[in-house]
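J.: Questions regarding the structure given below will be posed in turn.
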Amino acid sequence: MIWAVVVTHNRLPWLQQVIQAVEQQTHPPDHIIVVNNHSTDGTEAWLKTSKINSIHQNNLGGAGGFRTGMQAALAGGAEWVWVLDDDCAPLPDCLKNLLKHKELSQCLNPVHKSVGGEIYGEEVWIDAAS
């Protein structure tokens, strides 16, 4: 079972875009959970009206949010946890490509090159274990 964990703080428009991108994956995750780090921009209200599972907490920063989200995912039975910041723009086949290479390492990261703010489609694979 694959859980996507998205951490956010006061970036509702970006959060909405990353949620849409995660939902439109060619291999969508089984669950999506958003950790809201005490946003004051309407994020909490939007999440309460959506079908997205969410956790609302004091602002513990990105690392604290990912810790909370990963704990929730693992408690929910996740075999794989895909972590995303709220300003990510995953390509439609990002999760599928991650899963294709899961045997290579316990931690693989797709890195999208950005020049002048533009994100290129090329994925560069790095093995975090080496």
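Scheme for the structure tokens: letters A, B, ... for chains in order shown; per-chain residue numbers from 1; ligand numbers from 1 in order shown.
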At a cut-off of 6 Å, using only C-alpha atoms, what residues contact region 46-62 of chain A? Leave out same-chain residues fewer than 3 positions from it and give the result as a ChimeraX atom specification.

T.: /A:33-38,43,65

J.: For region 11-19 of chain A, list every protein, DNA or RNA residue within 7 Å, evaluated using only C-alpha atoms, and leave out those in the same chain fewer than 3 positions away; present the list as an mmCIF file with N, CA, C and O atoms, in the first residue's frame.

T.:
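Output file around_6.cif follows:
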data_model
loop_
_atom_site.group_PDB
_atom_site.id
_atom_site.type_symbol
_atom_site.label_atom_id
_atom_site.label_comp_id
_atom_site.auth_asym_id
_atom_site.auth_seq_id
_atom_site.Cartn_x
_atom_site.Cartn_y
_atom_site.Cartn_z
ATOM 1 N N THR A 8 2.308 21.097 4.264
ATOM 2 C CA THR A 8 1.985 22.440 3.791
ATOM 3 C C THR A 8 1.990 23.455 4.921
ATOM 4 O O THR A 8 1.786 23.123 6.085
ATOM 5 N N VAL A 22 -0.972 14.648 -7.759
ATOM 6 C CA VAL A 22 -0.863 13.335 -7.112
ATOM 7 C C VAL A 22 -2.066 12.470 -7.485
ATOM 8 O O VAL A 22 -1.919 11.284 -7.790
ATOM 9 N N GLU A 23 -3.242 13.050 -7.490
ATOM 10 C CA GLU A 23 -4.446 12.293 -7.843
ATOM 11 C C GLU A 23 -4.440 11.848 -9.299
ATOM 12 O O GLU A 23 -5.064 10.848 -9.647
ATOM 13 N N ASP A 41 -4.167 30.610 5.949
ATOM 14 C CA ASP A 41 -4.609 31.148 4.655
ATOM 15 C C ASP A 41 -5.843 30.450 4.099
ATOM 16 O O ASP A 41 -6.129 30.564 2.914
ATOM 17 N N THR A 43 -6.269 27.085 4.337
ATOM 18 C CA THR A 43 -5.918 25.695 4.055
ATOM 19 C C THR A 43 -6.747 24.736 4.891
ATOM 20 O O THR A 43 -7.290 23.753 4.376
ATOM 21 N N ASP A 86 4.559 21.002 -0.512
ATOM 22 C CA ASP A 86 3.389 21.572 -1.176
ATOM 23 C C ASP A 86 3.718 22.324 -2.460
ATOM 24 O O ASP A 86 2.828 22.668 -3.229
ATOM 25 N N ASP A 87 4.977 22.562 -2.734
ATOM 26 C CA ASP A 87 5.338 23.255 -3.974
ATOM 27 C C ASP A 87 5.934 22.316 -5.023
ATOM 28 O O ASP A 87 6.560 22.759 -5.972
ATOM 29 N N CYS A 88 5.705 21.022 -4.864
ATOM 30 C CA CYS A 88 6.169 20.038 -5.859
ATOM 31 C C CYS A 88 5.259 20.052 -7.083
ATOM 32 O O CYS A 88 4.094 20.406 -6.995
ATOM 33 N N ALA A 89 5.815 19.618 -8.187
ATOM 34 C CA ALA A 89 5.044 19.475 -9.421
ATOM 35 C C ALA A 89 5.402 18.136 -10.048
ATOM 36 O O ALA A 89 6.092 18.088 -11.065
#

J.: Which residue is closest to Gly76 (chain A)? Choose from A:Ser39, A:Gln24, A:Ile32, A:His9 and count only C-alpha atoms.

T.: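 So, comparing all the options, the nearest one is A:Ile32.
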
J.: Grab the CA of Thr40 (chain A) to CA of Gln71 (chain A) distance for me, in Å with one decimal place.

T.: 24.1 Å

J.: Step one, run DSSP on the backbone; step two, keep only residues of region 1-98 of chain A assigned to helix (DSSP H, G or I); then write them as a ChimeraX atom specification.

T.: /A:12-23,43-49,61-75,94-98

J.: When you look at Met1 (chain A) with a cut-off of 9 Å (counting only C-alpha atoms), what residues show up, excluding the ones that are within fewer than 4 positions of it in the same chain? I need them as an MDAnalysis selection string.

T.: chainID A and resid 29:31 77:81

J.: Counting only C-alpha atoms, which residue out of A:Leu98, A:Ala63, A:Val6, A:Ala72 sits closest to Gln20 (chain A)?

T.: A:Val6
